[in-house]
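Novice: My questions all concern the structure below.
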Amino acid sequence: MKIDGKAIAEQILTMCSKRVLDLKHKGTIPTMAVIQVGDDPASTAYINQKKKAAERIGALLIHKKLPTGVTYQHVNMLICEYNTNPAIHGVIIQQPLPHTLGDSATLIGQIDPKKDIDGFLPNSPYPVPVASAVVEILRSVFSQFDSSLNTKNIVVIGRGATAGKPIADLLISRGLNPTVIHSQTNNSKEIIKTADIVVSCVGKPNIVRRDNIKRDAVLISVGIWRDSSGKLHGDYEEDAIKDIAGSYTPTPGGVGPVNVACLMQNLISAAINS
């Protein structure tokens, strides 16, 4: 069964719009600022998705686009400006950044934790949206979320700081015990074969294949990649696994919309706590 990420996202955004209306009645409009450096088309597309979601719930998004040659000092000054502006509740630095700006984590570290709605800072009060998205997707598949998942063998493929690690951390915080595998893991194919739930966060072709998944497994592809024609793909080819998997997220239309909706949840929390 194909998991409809757009429908899950719409349910979240509907709840968000009600919360935004309540905030507006109190004189607060949830507002995020997104800093983009350069013209990466994937970044621009993702920011446009955020804009649409913000408009959908009645929030505001300020998009600050800077040239590739901008200095670290200029970006840092802009972050400081947003940090001290009480009308801005969330600050995002859209990745990737040019190498000339150094390690992106250094700039992200300048964001006020109360405004870190991407959840990347160690002391951020907000979950990483993509991790929340995986939980919401699993909740849609398993009606009894906590009791059902306690008996499931969950495998997370990838341990990156922006997806695999925060997803595993959030699942662990929910009392679950995911197995995390990566490029250096021995017997990874055998481990995947035993999984009831596979969350793949790699972004390369055929990371998950029909010959290394368990029948009726739930597959969630967080990783995405583009082919030579620009078409988006996930970590598995849907036509190859759809008759083996019990449920699976498509690409596009799977994790992506839910990720953006969960970001809106963080924005609203930031506005409430401001």
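Letters for chains follow the order of the structure tokens (A, B, ...), residue numbers begin at 1 for each chain, and ligand numbers begin at 1 in the order shown.
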List as a CSV table (one decimal) with C-alpha atoms, in the first residue's frame the protein and nucleic acid residues near Ala195 of chain A, meaning an atom at most 9 Å away when only C-alpha atoms are counted, but skip any in the same chain fewer than 3 places from it.
Specialist:
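Listed below is the output, part.csv:
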```csv
chain,number,residue,atom,x,y,z
A,152,LYS,CA,8.6,-4.4,15.6
A,153,ASN,CA,12.2,-4.7,14.4
A,154,ILE,CA,13.1,-1.2,13.1
A,155,VAL,CA,16.1,-0.6,10.9
A,191,ILE,CA,19.9,-7.1,8.9
A,192,ILE,CA,17.6,-5.3,6.5
A,198,VAL,CA,13.0,0.1,7.2
A,213,ILE,CA,13.4,-6.9,2.3
A,214,LYS,CA,11.0,-8.9,4.4
A,217,ALA,CA,7.7,-4.7,5.6
A,218,VAL,CA,7.0,-1.0,6.0
```
Novice: Going by DSSP on the backbone, which bits of segment 4-223 of chain A are strand (DSSP E)? Write them as JSON, numbers by chain, please.
Specialist: {"A": [31, 32, 33, 34, 35, 36, 37, 60, 61, 62, 63, 64, 65, 66, 90, 91, 92, 93, 154, 155, 156, 157, 179, 180, 181, 197, 198, 199, 200, 218, 219, 220, 221]}
Novice: Measure the distance from atom CA of Leu138 of chain A to atom CA of Pro30 of chain A in Å and round it to one decimal.
Specialist: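 Atom CA of Pro30 of chain A lies at a distance of 27.7 Å from atom CA of Leu138 of chain A.
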Novice: Determine, counting only C-alpha atoms, which protein, DNA and RNA residues have an atom within 12 Å of an atom of Asn177 of chain A; residues of the same chain fewer than 3 positions away are not included. Present the result as an MDAnalysis selection string.
Specialist: chainID A and resid 149:156 167:174 180 197
Novice: Could you dump the residues just selected with N, CA and C atoms as a tab-separated table (two decimals), in the first residue's frame?
Specialist:
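Below is the file selection_37.tsv, written as the result:
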```tsv
chain	number	residue	atom	x	y	z
A	149	LEU	N	4.48	-0.72	17.81
A	149	LEU	CA	5.88	-0.61	17.42
A	149	LEU	C	6.82	-1.29	18.39
A	150	ASN	N	6.39	-1.50	19.61
A	150	ASN	CA	7.25	-2.16	20.60
A	150	ASN	C	7.65	-3.56	20.17
A	151	THR	N	6.83	-4.16	19.32
A	151	THR	CA	7.10	-5.53	18.88
A	151	THR	C	7.77	-5.59	17.51
A	152	LYS	N	8.05	-4.43	16.92
A	152	LYS	CA	8.58	-4.40	15.56
A	152	LYS	C	10.10	-4.22	15.55
A	153	ASN	N	10.72	-4.88	14.58
A	153	ASN	CA	12.16	-4.72	14.36
A	153	ASN	C	12.36	-3.57	13.39
A	154	ILE	N	12.91	-2.46	13.90
A	154	ILE	CA	13.07	-1.24	13.10
A	154	ILE	C	14.53	-1.06	12.72
A	155	VAL	N	14.78	-0.85	11.44
A	155	VAL	CA	16.14	-0.60	10.95
A	155	VAL	C	16.18	0.78	10.30
A	156	VAL	N	17.14	1.60	10.73
A	156	VAL	CA	17.39	2.91	10.13
A	156	VAL	C	18.69	2.80	9.34
A	167	ILE	N	16.46	10.79	13.49
A	167	ILE	CA	15.34	9.85	13.42
A	167	ILE	C	15.52	8.74	14.44
A	168	ALA	N	16.72	8.15	14.48
A	168	ALA	CA	16.98	7.09	15.46
A	168	ALA	C	16.84	7.62	16.88
A	169	ASP	N	17.35	8.83	17.13
A	169	ASP	CA	17.27	9.42	18.47
A	169	ASP	C	15.83	9.63	18.91
A	170	LEU	N	14.99	10.10	17.99
A	170	LEU	CA	13.59	10.33	18.35
A	170	LEU	C	12.87	9.01	18.61
A	171	LEU	N	13.15	8.00	17.82
A	171	LEU	CA	12.54	6.69	18.04
A	171	LEU	C	12.97	6.12	19.40
A	172	ILE	N	14.24	6.30	19.73
A	172	ILE	CA	14.74	5.83	21.03
A	172	ILE	C	14.05	6.58	22.16
A	173	SER	N	13.84	7.89	21.98
A	173	SER	CA	13.17	8.69	23.01
A	173	SER	C	11.73	8.24	23.22
A	174	ARG	N	11.15	7.58	22.20
A	174	ARG	CA	9.79	7.05	22.31
A	174	ARG	C	9.77	5.64	22.88
A	180	VAL	N	20.65	0.85	13.79
A	180	VAL	CA	21.18	1.80	12.80
A	180	VAL	C	22.31	1.13	12.04
A	197	ILE	N	10.26	-2.74	9.77
A	197	ILE	CA	10.18	-1.34	9.33
A	197	ILE	C	11.58	-0.92	8.90
```
Novice: Could you give me, as a VMD selection string, the residues within 8 Å of Gly223 of chain A, counting only C-alpha atoms and dropping anything in the same chain fewer than 6 positions from it?
Specialist: chain A and resid 200 to 204 234 to 235
Novice: Which neighbours of segment 124-130 of chain A fall inside 9 Å, counting only C-alpha atoms, when residues of the same chain fewer than 6 positions from it are skipped, and could you give them as a PDB file with C-alpha atoms, in the first residue's frame?
Specialist:
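around.pdb written:
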```pdb
ATOM      1  CA  ASP A 112      19.150  31.379  19.106  1.00  0.00           C
ATOM      2  CA  PRO A 113      18.057  27.891  20.289  1.00  0.00           C
ATOM      3  CA  LYS A 114      14.537  29.251  20.916  1.00  0.00           C
ATOM      4  CA  LYS A 115      14.357  29.982  17.169  1.00  0.00           C
ATOM      5  CA  ASP A 116      16.049  26.780  15.935  1.00  0.00           C
ATOM      6  CA  ILE A 117      12.914  25.298  14.392  1.00  0.00           C
ATOM      7  CA  ASP A 118      15.052  22.932  12.269  1.00  0.00           C
ATOM      8  CA  THR A 162      20.347  15.739   9.294  1.00  0.00           C
ATOM      9  CA  ALA A 163      18.278  12.548   9.008  1.00  0.00           C
ATOM     10  CA  PRO A 166      17.852  12.423  14.648  1.00  0.00           C
ATOM     11  CA  ILE A 167      15.341   9.851  13.416  1.00  0.00           C
ATOM     12  CA  LEU A 170      13.592  10.332  18.354  1.00  0.00           C
ATOM     13  CA  VAL A 222      13.842   9.699   3.579  1.00  0.00           C
ATOM     14  CA  VAL A 255       8.151  11.992   3.564  1.00  0.00           C
ATOM     15  CA  GLY A 256       8.656  15.446   2.009  1.00  0.00           C
ATOM     16  CA  VAL A 258       5.058  15.600   6.142  1.00  0.00           C
ATOM     17  CA  ASN A 259       8.523  16.994   6.857  1.00  0.00           C
ATOM     18  CA  VAL A 260       7.380  20.495   5.875  1.00  0.00           C
ATOM     19  CA  ALA A 261       4.173  20.160   7.912  1.00  0.00           C
ATOM     20  CA  CYS A 262       6.186  19.154  10.990  1.00  0.00           C
ATOM     21  CA  LEU A 263       8.394  22.213  10.474  1.00  0.00           C
ATOM     22  CA  MET A 264       5.218  24.317  10.683  1.00  0.00           C
ATOM     23  CA  GLN A 265       4.424  22.631  13.995  1.00  0.00           C
ATOM     24  CA  ASN A 266       7.830  23.706  15.300  1.00  0.00           C
ATOM     25  CA  SER A 269       5.597  26.119  19.130  1.00  0.00           C
ATOM     26  CA  ALA A 270       8.330  28.749  18.774  1.00  0.00           C
TER      27      ALA A 270
END
```
Novice: Let me make sure I understand: among A:Asp227, A:Asp103, A:Glu190, A:Asp196, which one has the smallest atom-to-atom distance to Asn212 of chain A if we use only C-alpha atoms?
Specialist: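 Of A:Asp227, A:Asp103, A:Glu190, A:Asp196, the one nearest Asn212 of chain A is A:Glu190, counting only C-alpha atoms.
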Novice: Can you tell me, as a PyMOL selection string, what residues are no more than 8 Å from Thr68 of chain A when counting only C-alpha atoms, ignoring any on the same chain fewer than 6 positions away?
Specialist: chain A and resi 37-39+98
Novice: Store the residues picked out above, limited to C-alpha atoms, as a tab-separated table (two decimals), in the first residue's frame.
Specialist:
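Everything below was put into out.tsv:
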```tsv
chain	number	residue	atom	x	y	z
A	37	VAL	CA	23.05	31.51	-0.13
A	38	GLY	CA	23.38	30.92	-3.89
A	39	ASP	CA	20.98	29.44	-6.43
A	98	PRO	CA	29.03	27.37	-0.31
```
Novice: Can you tell me how far atom CA of Gln94 of chain A sits from atom CA of Ser43 of chain A, in Å to one decimal?
Specialist: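 If I compute the distance from atom CA of Gln94 of chain A to atom CA of Ser43 of chain A, I get 6.8 Å.
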Novice: Skip Arg56 of chain A itself and residues of its chain fewer than 2 positions away, then list as an MDAnalysis selection string all residues within 10 Å of it, counting only C-alpha atoms.
Specialist: chainID A and resid 10 13:14 16:17 50:54 58:60
Novice: Could you write those residues out with N, CA and C atoms, as a CSV table (one decimal), in the first residue's frame?
Specialist:
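Once written, result-v6.csv looks like this:
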```csv
chain,number,residue,atom,x,y,z
A,10,GLU,N,-1.6,17.2,5.2
A,10,GLU,CA,-2.8,18.1,5.2
A,10,GLU,C,-3.5,18.0,6.5
A,13,LEU,N,-1.4,20.2,8.8
A,13,LEU,CA,-1.6,21.6,8.5
A,13,LEU,C,-2.9,22.2,8.9
A,14,THR,N,-4.0,21.3,8.8
A,14,THR,CA,-5.3,21.8,9.2
A,14,THR,C,-5.3,22.1,10.7
A,16,CYS,N,-2.6,22.9,12.4
A,16,CYS,CA,-1.7,24.1,12.5
A,16,CYS,C,-2.5,25.4,12.2
A,17,SER,N,-3.3,25.4,11.2
A,17,SER,CA,-4.0,26.6,10.8
A,17,SER,C,-5.0,27.1,12.0
A,50,LYS,N,8.0,25.3,1.6
A,50,LYS,CA,7.8,25.9,3.0
A,50,LYS,C,6.9,27.1,2.9
A,51,LYS,N,7.1,27.9,1.8
A,51,LYS,CA,6.3,29.1,1.6
A,51,LYS,C,4.8,28.7,1.5
A,52,LYS,N,4.6,27.7,0.7
A,52,LYS,CA,3.2,27.3,0.4
A,52,LYS,C,2.6,26.8,1.7
A,53,ALA,N,3.3,26.0,2.5
A,53,ALA,CA,2.8,25.5,3.8
A,53,ALA,C,2.5,26.6,4.7
A,54,ALA,N,3.4,27.6,4.8
A,54,ALA,CA,3.2,28.8,5.7
A,54,ALA,C,2.0,29.6,5.3
A,58,GLY,N,-1.5,30.3,7.4
A,58,GLY,CA,-1.6,31.7,7.8
A,58,GLY,C,-0.4,32.2,8.5
A,59,ALA,N,0.7,31.6,8.4
A,59,ALA,CA,2.0,32.0,8.9
A,59,ALA,C,2.8,32.8,7.8
A,60,LEU,N,3.9,33.4,8.2
A,60,LEU,CA,4.7,34.2,7.3
A,60,LEU,C,6.1,33.6,7.1
```
Novice: Mind giving me the straight-line distance from atom CA of Gln49 of chain A to atom CA of Gly253 of chain A in Å, one decimal?
Specialist: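 Atom-to-atom, atom CA of Gln49 of chain A and atom CA of Gly253 of chain A are spaced 11.9 Å apart.
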